[in-house]
$ cat model-v4.tsv   # TSV, C-alpha atoms
chain	number	residue	atom	x	y	z
A	1	MET	CA	137.33	-30.83	77.11
A	2	LYS	CA	136.87	-27.26	78.22
A	3	VAL	CA	138.21	-27.02	81.76
A	4	LEU	CA	138.07	-24.18	84.27
A	5	VAL	CA	141.12	-23.95	86.54
A	6	THR	CA	140.72	-21.63	89.51
A	7	GLY	CA	143.89	-20.36	91.13
A	8	ALA	CA	145.59	-20.64	87.74
A	9	ALA	CA	148.36	-18.20	88.64
A	10	GLY	CA	149.23	-20.26	91.69
A	11	PHE	CA	151.98	-22.86	91.98
A	12	ILE	CA	149.87	-25.94	91.31
A	13	GLY	CA	147.32	-24.12	89.16
A	14	ALA	CA	149.89	-22.94	86.63
A	15	HIS	CA	151.39	-26.42	86.24
A	16	VAL	CA	147.95	-28.07	85.94
A	17	SER	CA	146.81	-25.51	83.35
A	18	LEU	CA	149.88	-26.13	81.21
A	19	SER	CA	149.52	-29.91	81.47
A	20	LEU	CA	145.91	-29.75	80.28
A	21	LEU	CA	146.81	-27.41	77.42
A	22	ARG	CA	149.62	-29.70	76.29
A	23	ARG	CA	147.26	-32.64	75.96
A	24	GLY	CA	144.79	-30.58	73.91
A	25	ASP	CA	142.17	-29.40	76.40
A	26	ASP	CA	140.73	-25.89	76.25
A	27	VAL	CA	141.66	-24.17	79.51
A	28	ILE	CA	140.29	-21.02	81.05
A	29	GLY	CA	142.10	-19.90	84.17
A	30	ILE	CA	141.03	-17.47	86.85
A	31	ASP	CA	142.91	-15.99	89.80
A	32	ASN	CA	142.53	-12.90	91.99
A	33	LEU	CA	146.30	-12.23	91.93
A	34	ASN	CA	146.30	-11.23	95.60
A	35	ASP	CA	149.44	-10.07	97.40
A	36	TYR	CA	149.76	-12.93	99.91
A	37	TYR	CA	153.15	-13.35	98.22
A	38	ALA	CA	154.82	-11.56	95.31
A	39	VAL	CA	152.30	-10.81	92.55
A	40	SER	CA	155.23	-10.64	90.15
A	41	LEU	CA	155.79	-14.40	90.59
A	42	LYS	CA	152.13	-15.11	89.82
A	43	GLN	CA	152.31	-12.94	86.71
A	44	ALA	CA	155.53	-14.68	85.67
A	45	ARG	CA	153.76	-18.05	85.93
A	46	LEU	CA	151.01	-16.80	83.63
A	47	GLU	CA	153.63	-15.57	81.15
A	48	TRP	CA	155.37	-18.97	81.41
A	49	ILE	CA	152.15	-20.79	80.49
A	50	ASP	CA	151.68	-18.56	77.45
A	51	SER	CA	155.32	-18.76	76.33
A	52	THR	CA	155.32	-22.51	75.74
A	53	GLU	CA	154.24	-24.55	72.71
A	54	THR	CA	150.62	-23.82	73.69
A	55	LYS	CA	151.09	-20.06	73.24
A	56	GLY	CA	147.83	-18.21	72.59
A	57	LYS	CA	145.61	-21.11	73.71
A	58	PHE	CA	145.32	-20.13	77.36
A	59	GLN	CA	142.56	-17.73	78.41
A	60	PHE	CA	142.91	-15.90	81.71
A	61	HIS	CA	140.50	-13.75	83.70
A	62	LYS	CA	141.27	-11.88	86.90
A	63	ILE	CA	138.41	-13.06	89.12
A	64	ASP	CA	138.13	-13.65	92.86
A	65	ILE	CA	136.04	-16.76	93.52
A	66	SER	CA	134.63	-15.12	96.66
A	67	ASP	CA	132.92	-12.56	94.40
A	68	GLN	CA	129.79	-14.37	93.23
A	69	GLN	CA	128.76	-12.15	90.31
A	70	PRO	CA	131.84	-12.53	88.07
A	71	VAL	CA	131.94	-16.27	88.86
A	72	ASP	CA	128.31	-16.65	87.78
A	73	GLU	CA	128.89	-14.55	84.66
A	74	LEU	CA	131.89	-16.66	83.68
A	75	PHE	CA	129.87	-19.87	83.93
A	76	GLU	CA	127.04	-18.23	81.97
A	77	ASN	CA	129.38	-17.16	79.16
A	78	GLU	CA	131.39	-20.38	78.93
A	79	THR	CA	130.34	-24.01	78.73
A	80	PHE	CA	132.73	-25.90	80.96
A	81	ASP	CA	132.86	-29.67	80.97
A	82	LYS	CA	134.86	-29.95	84.18
A	83	VAL	CA	136.25	-27.71	86.90
A	84	ILE	CA	139.46	-27.88	88.95
A	85	ASN	CA	139.29	-25.64	92.02
A	86	LEU	CA	142.79	-24.76	93.22
A	87	ALA	CA	141.98	-21.22	94.35
A	88	ALA	CA	142.30	-20.83	98.11
A	89	GLN	CA	143.96	-18.81	100.79
A	90	ALA	CA	146.91	-21.05	101.56
A	91	GLY	CA	149.25	-21.33	104.52
A	92	VAL	CA	148.82	-22.78	108.01
A	93	ARG	CA	150.60	-20.04	109.98
A	94	TYR	CA	148.99	-17.13	108.11
A	95	SER	CA	145.58	-18.46	109.18
A	96	LEU	CA	146.50	-17.38	112.72
A	97	GLU	CA	147.02	-13.81	111.52
A	98	ALA	CA	144.26	-13.35	108.95
A	99	PRO	CA	141.44	-15.84	109.62
A	100	ARG	CA	138.85	-13.85	107.67
A	101	ALA	CA	140.81	-14.33	104.43
A	102	TYR	CA	140.37	-18.11	104.81
A	103	ILE	CA	136.61	-17.86	105.36
A	104	GLU	CA	136.16	-15.58	102.36
A	105	SER	CA	138.22	-17.60	99.89
A	106	ASN	CA	138.05	-21.17	101.17
A	107	ILE	CA	134.43	-21.20	102.38
A	108	ILE	CA	132.48	-18.47	100.58
A	109	GLY	CA	134.56	-18.81	97.41
A	110	PHE	CA	134.25	-22.58	97.34
A	111	ASN	CA	130.50	-22.32	97.84
A	112	ASN	CA	130.30	-19.99	94.84
A	113	ILE	CA	132.09	-22.62	92.74
A	114	LEU	CA	129.79	-25.38	93.99
A	115	GLU	CA	126.70	-23.31	93.18
A	116	ALA	CA	127.99	-22.55	89.69
A	117	CYS	CA	128.72	-26.24	89.10
A	118	ARG	CA	125.23	-27.10	90.32
A	119	HIS	CA	123.52	-24.74	87.89
A	120	HIS	CA	125.64	-25.55	84.83
A	121	GLN	CA	125.74	-29.35	84.68
A	122	ILE	CA	129.46	-29.72	85.36
A	123	GLN	CA	130.56	-33.32	84.77
A	124	HIS	CA	133.19	-33.39	87.53
A	125	LEU	CA	134.57	-30.99	90.14
A	126	VAL	CA	138.06	-31.77	91.39
A	127	TYR	CA	139.27	-29.56	94.23
A	128	ALA	CA	142.33	-29.11	96.42
A	129	SER	CA	142.10	-30.37	99.95
A	130	SER	CA	145.20	-30.75	102.12
A	131	SER	CA	147.14	-33.16	104.29
A	132	SER	CA	146.49	-30.58	107.02
A	133	VAL	CA	143.02	-32.07	107.52
A	134	TYR	CA	144.62	-34.94	109.46
A	135	GLY	CA	145.32	-32.48	112.28
A	136	ALA	CA	145.71	-34.21	115.63
A	137	ASN	CA	145.62	-37.67	114.05
A	138	GLU	CA	148.67	-39.69	115.14
A	139	SER	CA	148.05	-42.80	113.05
A	140	ILE	CA	150.91	-43.12	110.57
A	141	PRO	CA	150.74	-43.24	107.57
A	142	PHE	CA	147.74	-40.93	107.08
A	143	SER	CA	144.96	-42.88	105.43
A	144	VAL	CA	141.74	-41.63	103.81
A	145	GLN	CA	140.10	-44.14	106.17
A	146	ASP	CA	141.29	-42.13	109.19
A	147	ASN	CA	139.17	-39.77	111.26
A	148	VAL	CA	139.84	-36.11	110.37
A	149	ASP	CA	137.59	-34.39	112.89
A	150	HIS	CA	140.32	-32.65	114.90
A	151	PRO	CA	142.01	-29.92	112.80
A	152	VAL	CA	144.75	-27.89	114.51
A	153	SER	CA	144.59	-24.79	112.28
A	154	LEU	CA	141.81	-22.76	110.70
A	155	TYR	CA	143.34	-23.51	107.30
A	156	ALA	CA	142.87	-27.23	107.96
A	157	ALA	CA	139.33	-26.63	109.19
A	158	THR	CA	138.41	-24.84	105.96
A	159	LYS	CA	139.81	-27.69	103.88
A	160	LYS	CA	137.84	-30.25	105.89
A	161	SER	CA	134.81	-27.99	105.40
A	162	ASN	CA	135.37	-28.10	101.63
A	163	GLU	CA	135.15	-31.89	101.71
A	164	LEU	CA	131.90	-31.71	103.69
A	165	MET	CA	130.41	-29.02	101.45
A	166	ALA	CA	131.31	-31.00	98.33
A	167	HIS	CA	129.67	-34.10	99.80
A	168	THR	CA	126.46	-32.17	100.41
A	169	TYR	CA	126.32	-31.02	96.77
A	170	SER	CA	127.16	-34.50	95.51
A	171	HIS	CA	124.37	-35.92	97.68
A	172	LEU	CA	121.71	-33.31	96.91
A	173	TYR	CA	122.43	-32.58	93.26
A	174	GLY	CA	124.41	-35.57	91.99
A	175	ILE	CA	127.52	-33.53	91.13
A	176	PRO	CA	130.59	-35.80	90.99
A	177	THR	CA	133.22	-34.25	93.27
A	178	THR	CA	136.73	-35.40	94.20
A	179	GLY	CA	138.91	-33.87	96.90
A	180	LEU	CA	142.68	-34.27	96.73
A	181	ARG	CA	144.71	-34.07	99.92
A	182	PHE	CA	148.09	-32.73	98.80
A	183	PHE	CA	151.24	-33.46	100.82
A	184	THR	CA	153.99	-30.76	100.95
A	185	VAL	CA	154.25	-29.88	97.29
A	186	TYR	CA	157.58	-28.50	96.02
A	187	GLY	CA	159.30	-27.84	92.71
A	188	PRO	CA	159.86	-25.14	90.06
A	189	TRP	CA	157.59	-22.08	90.35
A	190	GLY	CA	156.88	-22.99	93.99
A	191	ARG	CA	155.31	-20.83	96.68
A	192	PRO	CA	157.76	-18.49	98.47
A	193	ASP	CA	155.99	-18.98	101.81
A	194	MET	CA	156.68	-22.72	101.90
A	195	SER	CA	159.71	-24.26	103.59
A	196	PRO	CA	161.53	-25.51	100.42
A	197	PHE	CA	161.54	-21.96	99.03
A	198	LEU	CA	162.35	-20.33	102.38
A	199	PHE	CA	165.25	-22.72	102.90
A	200	ALA	CA	166.61	-22.04	99.41
A	201	ASP	CA	166.43	-18.28	100.02
A	202	ALA	CA	168.33	-18.60	103.28
A	203	ILE	CA	171.01	-20.88	101.81
A	204	ILE	CA	171.63	-18.59	98.83
A	205	GLN	CA	171.70	-15.47	101.00
A	206	GLY	CA	173.82	-17.08	103.70
A	207	LYS	CA	171.25	-16.37	106.40
A	208	PRO	CA	170.39	-18.68	109.32
A	209	LEU	CA	167.69	-21.23	108.56
A	210	LYS	CA	164.70	-21.20	110.89
A	211	VAL	CA	163.99	-24.89	111.52
A	212	PHE	CA	160.90	-25.51	113.61
A	213	ASN	CA	160.24	-28.41	115.98
A	214	TYR	CA	164.01	-28.48	116.46
A	215	GLY	CA	164.37	-30.19	113.09
A	216	LYS	CA	162.30	-33.19	114.17
A	217	HIS	CA	159.60	-32.62	111.55
A	218	ARG	CA	159.13	-35.32	108.93
A	219	ARG	CA	157.45	-34.23	105.72
A	220	ASP	CA	156.12	-36.25	102.78
A	221	PHE	CA	157.63	-33.96	100.14
A	222	THR	CA	155.83	-34.45	96.81
A	223	TYR	CA	157.23	-33.16	93.53
A	224	ILE	CA	154.96	-30.89	91.51
A	225	ASP	CA	154.88	-33.12	88.40
A	226	ASP	CA	153.56	-36.00	90.52
A	227	ILE	CA	150.82	-33.77	91.94
A	228	VAL	CA	149.83	-32.60	88.46
A	229	GLU	CA	149.70	-36.14	87.10
A	230	GLY	CA	147.44	-37.12	89.99
A	231	VAL	CA	145.14	-34.15	89.44
A	232	VAL	CA	144.76	-34.74	85.71
A	233	ARG	CA	144.26	-38.49	86.00
A	234	THR	CA	141.67	-37.97	88.72
A	235	LEU	CA	139.88	-35.36	86.61
A	236	ASP	CA	139.39	-37.96	83.87
A	237	ILE	CA	137.69	-40.48	86.19
A	238	ASN	CA	134.47	-38.95	87.46
A	239	ALA	CA	133.70	-39.72	91.09
A	240	ALA	CA	131.03	-42.42	91.32
A	241	PRO	CA	128.79	-43.67	94.16
A	242	ASN	CA	130.11	-46.52	96.27
A	243	LYS	CA	127.29	-49.04	95.99
A	244	GLN	CA	128.63	-50.97	98.99
A	245	TRP	CA	128.73	-47.89	101.24
A	246	SER	CA	126.96	-48.37	104.55
A	247	GLY	CA	125.87	-45.80	107.09
A	248	THR	CA	126.45	-48.30	109.90
A	249	THR	CA	130.11	-48.84	108.95
A	250	PRO	CA	130.83	-45.75	106.84
A	251	ASP	CA	133.87	-45.49	104.58
A	252	PRO	CA	135.24	-41.94	105.17
A	253	SER	CA	136.70	-41.74	101.65
A	254	SER	CA	133.56	-42.49	99.63
A	255	SER	CA	129.77	-42.29	99.78
A	256	LYS	CA	126.46	-43.34	98.32
A	257	ALA	CA	126.81	-40.01	96.54
A	258	PRO	CA	129.36	-39.48	93.70
A	259	TRP	CA	132.01	-38.18	96.11
A	260	LYS	CA	135.61	-39.24	96.76
A	261	VAL	CA	138.73	-38.07	98.56
A	262	TYR	CA	142.31	-39.19	97.88
A	263	ASN	CA	145.77	-38.56	99.26
A	264	ILE	CA	148.44	-37.48	96.80
A	265	GLY	CA	151.88	-37.83	98.36
A	266	CYS	CA	155.20	-39.53	97.75
A	267	SER	CA	154.73	-41.93	100.71
A	268	ASN	CA	158.31	-41.35	101.80
A	269	PRO	CA	158.50	-38.96	104.77
A	270	ILE	CA	161.89	-37.28	105.15
A	271	PRO	CA	163.29	-35.57	108.26
A	272	LEU	CA	163.43	-31.84	107.66
A	273	LEU	CA	167.16	-31.71	108.39
A	274	ASP	CA	167.77	-34.37	105.71
A	275	TYR	CA	165.84	-32.27	103.20
A	276	ILE	CA	167.97	-29.25	104.11
A	277	THR	CA	171.13	-31.32	103.64
A	278	ILE	CA	170.06	-32.22	100.09
A	279	LEU	CA	169.27	-28.55	99.36
A	280	GLU	CA	172.70	-27.51	100.61
A	281	GLU	CA	174.32	-30.17	98.45
A	282	VAL	CA	172.58	-29.14	95.23
A	283	PHE	CA	173.18	-25.43	95.91
A	284	GLY	CA	176.79	-26.12	96.87
A	285	GLN	CA	176.79	-24.20	100.12
A	286	THR	CA	175.78	-24.60	103.75
A	287	THR	CA	174.30	-22.25	106.29
A	288	GLU	CA	173.60	-21.98	110.00
A	289	LYS	CA	170.44	-23.61	111.43
A	290	GLU	CA	168.34	-21.91	114.09
A	291	LEU	CA	166.40	-24.68	115.84
A	292	LEU	CA	163.03	-23.46	117.11
A	293	PRO	CA	160.02	-25.05	118.87
A	294	LEU	CA	156.94	-26.45	117.13
A	295	GLN	CA	154.75	-23.66	115.81
A	296	PRO	CA	151.01	-23.39	116.56
A	297	GLY	CA	149.01	-25.15	113.85
A	298	ASP	CA	151.91	-27.34	112.70
A	299	VAL	CA	151.91	-31.13	112.91
A	300	PRO	CA	155.13	-33.11	113.61
A	301	ASP	CA	154.84	-35.58	110.72
A	302	THR	CA	153.04	-36.09	107.43
A	303	TYR	CA	153.02	-39.41	105.58
A	304	ALA	CA	150.56	-40.28	102.81
A	305	ASP	CA	148.95	-43.67	102.38
A	306	VAL	CA	148.08	-43.58	98.65
A	307	GLN	CA	146.68	-47.10	98.28
A	308	GLN	CA	143.22	-45.80	97.41
A	309	LEU	CA	144.70	-43.62	94.66
A	310	ILE	CA	146.55	-46.64	93.29
A	311	ASP	CA	143.46	-48.87	93.43
A	312	ASP	CA	141.00	-46.41	91.87
A	313	ILE	CA	143.13	-44.19	89.63
A	314	GLY	CA	146.07	-46.49	88.91
A	315	TYR	CA	148.63	-43.90	89.91
A	316	GLN	CA	151.38	-43.48	92.50
A	317	PRO	CA	153.81	-40.52	92.77
A	318	SER	CA	157.38	-41.67	92.17
A	319	THR	CA	159.82	-38.75	91.78
A	320	SER	CA	162.74	-39.16	94.18
A	321	LEU	CA	163.47	-36.31	96.57
A	322	TYR	CA	167.00	-35.82	95.25
A	323	GLU	CA	165.80	-35.66	91.64
A	324	GLY	CA	163.02	-33.24	92.53
A	325	VAL	CA	165.25	-30.94	94.60
A	326	LYS	CA	167.80	-30.78	91.76
A	327	LYS	CA	165.09	-29.63	89.36
A	328	PHE	CA	163.81	-27.07	91.84
A	329	ALA	CA	167.31	-25.72	92.45
A	330	ALA	CA	168.01	-25.44	88.72
A	331	TRP	CA	164.81	-23.44	88.22
A	332	TYR	CA	165.53	-21.25	91.27
A	333	LYS	CA	169.01	-20.36	90.03
A	334	ASP	CA	167.71	-19.57	86.56
A	335	PHE	CA	164.67	-17.56	87.67
A	336	TYR	CA	166.57	-15.48	90.24
A	337	CYS	CA	169.81	-15.36	88.24
A	338	VAL	CA	172.01	-16.74	91.04
$ encode --input "model-v4.tsv" --output "structure tokens"
Amino acid sequence: MKVLVTGAAGFIGAHVSLSLLRRGDDVIGIDNLNDYYAVSLKQARLEWIDSTETKGKFQFHKIDISDQQPVDELFENETFDKVINLAAQAGVRYSLEAPRAYIESNIIGFNNILEACRHHQIQHLVYASSSSVYGANESIPFSVQDNVDHPVSLYAATKKSNELMAHTYSHLYGIPTTGLRFFTVYGPWGRPDMSPFLFADAIIQGKPLKVFNYGKHRRDFTYIDDIVEGVVRTLDINAAPNKQWSGTTPDPSSSKAPWKVYNIGCSNPIPLLDYITILEEVFGQTTEKELLPLQPGDVPDTYADVQQLIDDIGYQPSTSLYEGVKKFAAWYKDFYCV
């Protein structure tokens, strides 16, 4: 297939692009290479993709999905079979500081992708949602059958909006769309603004760790390879209408339209302090912890119910936390020469 991957210089986007290339797909990646975090890391990911056994097979264009004209021109010039939209302004806490960035990328940008898919007969659009959509929900584990109408951050609200926008296009134009709610992704080439990376930085530099919610957070840490496997397997199975769907007893995860949402998580929530202990063990050093209150927009726990993913896609993430952290630490030491 020829696949478009948006956000290809991002953490998940780079891994997904490489996975598709390795299995023989033609991949075109786009990214705006913004400075939300170090552009040098994004450029290094692109170089990593092109330095593997697939060297020379990856095409990259610097395009911002919120800019309609270059998006439309790309779809006009290429004939994509399927699209994976991973481009977004990420981060819960940053959405308190720069809300406009989330509207431009996550709403306007996503609409540009939907419109392009509509006009170019795309077979399947798979897009990143987030476990953040569960917001104020306190039912554990988080199920795709749960209500997600009470987001607690603008980031979460934009991701819920993406699911609603995709449903509208699936309903009106018959475009198969699948949203994937990712749970705390970590691993090599990770995002420096996320806790696994921030904790590693602090441990290596011997600085105090800022641990929010007084360390009482539980997170469903999910290794990057498990996320990628879920994305690629989902891409291959086009979303289909649920013929048993009823408007009187609606299933929140499916529709009469070709629309689906799934959780992708390890289904093994770990207390944040336990995660830090494993990091300290694999790095071989400890550091002071600064226990702080719950931050605005954060939720105390995340825990993925992935039964629907197992039933429909035949896949369940399985990488153990210790194994995943060891691989992340090895990459970190190599990349930063520590």
$ residues_around --input "model-v4.tsv" --residues "segment 7-16 of chain A" --least-positions-apart "2" --cutoff "7 Å" --atoms "only C-alpha atoms" --output "ChimeraX atom specification"
/A:5,18-20,29-31,42-43,45-46,49,86-87,189-191,228
$ closest_residue --input "model-v4.tsv" --among "A:Val39, A:Leu294, A:Leu74, A:Leu114" --to "Val126 of chain A" --atoms "all atoms listed in the file"
A:Leu114
$ closest_residue --input "model-v4.tsv" --among "A:Ala257, A:Ala329, A:Leu309, A:Val148" --to "Leu172 of chain A" --atoms "only C-alpha atoms"
A:Ala257
$ atom_distance --input "model-v4.tsv" --atom1 "atom CA of His150 of chain A" --atom2 "atom CA of Gln89 of chain A"
20.1 Å
$ residues_around --input "model-v4.tsv" --residues "Ala330 of chain A" --least-positions-apart "3" --cutoff "9 Å" --atoms "only C-alpha atoms" --output "list in words"
Pro188, Val282, Phe283, Val325, Lys326, Lys327, Lys333, Asp334 and Phe335 of chain A
$ write_last_selection --input "model-v4.tsv" --atoms "C-alpha atoms" --output "compact mmCIF listing (two decimals), keeping the file's coordinate frame"
# COMPACT_ATOMS: atom_id res chain seq x y z
CA PRO A 188 159.86 -25.14 90.06
CA VAL A 282 172.58 -29.14 95.23
CA PHE A 283 173.18 -25.43 95.91
CA VAL A 325 165.25 -30.94 94.60
CA LYS A 326 167.80 -30.78 91.76
CA LYS A 327 165.09 -29.63 89.36
CA LYS A 333 169.01 -20.36 90.03
CA ASP A 334 167.71 -19.57 86.56
CA PHE A 335 164.67 -17.56 87.67
$ closest_residue --input "model-v4.tsv" --among "A:Leu292, A:Leu125, A:Leu154, A:Leu209" --to "Pro99 of chain A" --atoms "only C-alpha atoms"
A:Leu154
$ residues_around --input "model-v4.tsv" --residues "segment 213-226 of chain A" --least-positions-apart "6" --cutoff "10 Å" --atoms "only C-alpha atoms" --output "PyMOL selection string"
chain A and resi 11-12+15-16+19+131+182-190+196+264-276+289-295+298-304+315-321+323-325+327-328
$ closest_residue --input "model-v4.tsv" --among "A:Ile204, A:Thr177, A:Pro151, A:Gly297" --to "Glu281 of chain A" --atoms "all atoms listed in the file"
A:Ile204
$ atom_distance --input "model-v4.tsv" --atom1 "atom CA of Met194 of chain A" --atom2 "atom CA of Ala38 of chain A"
13.1 Å
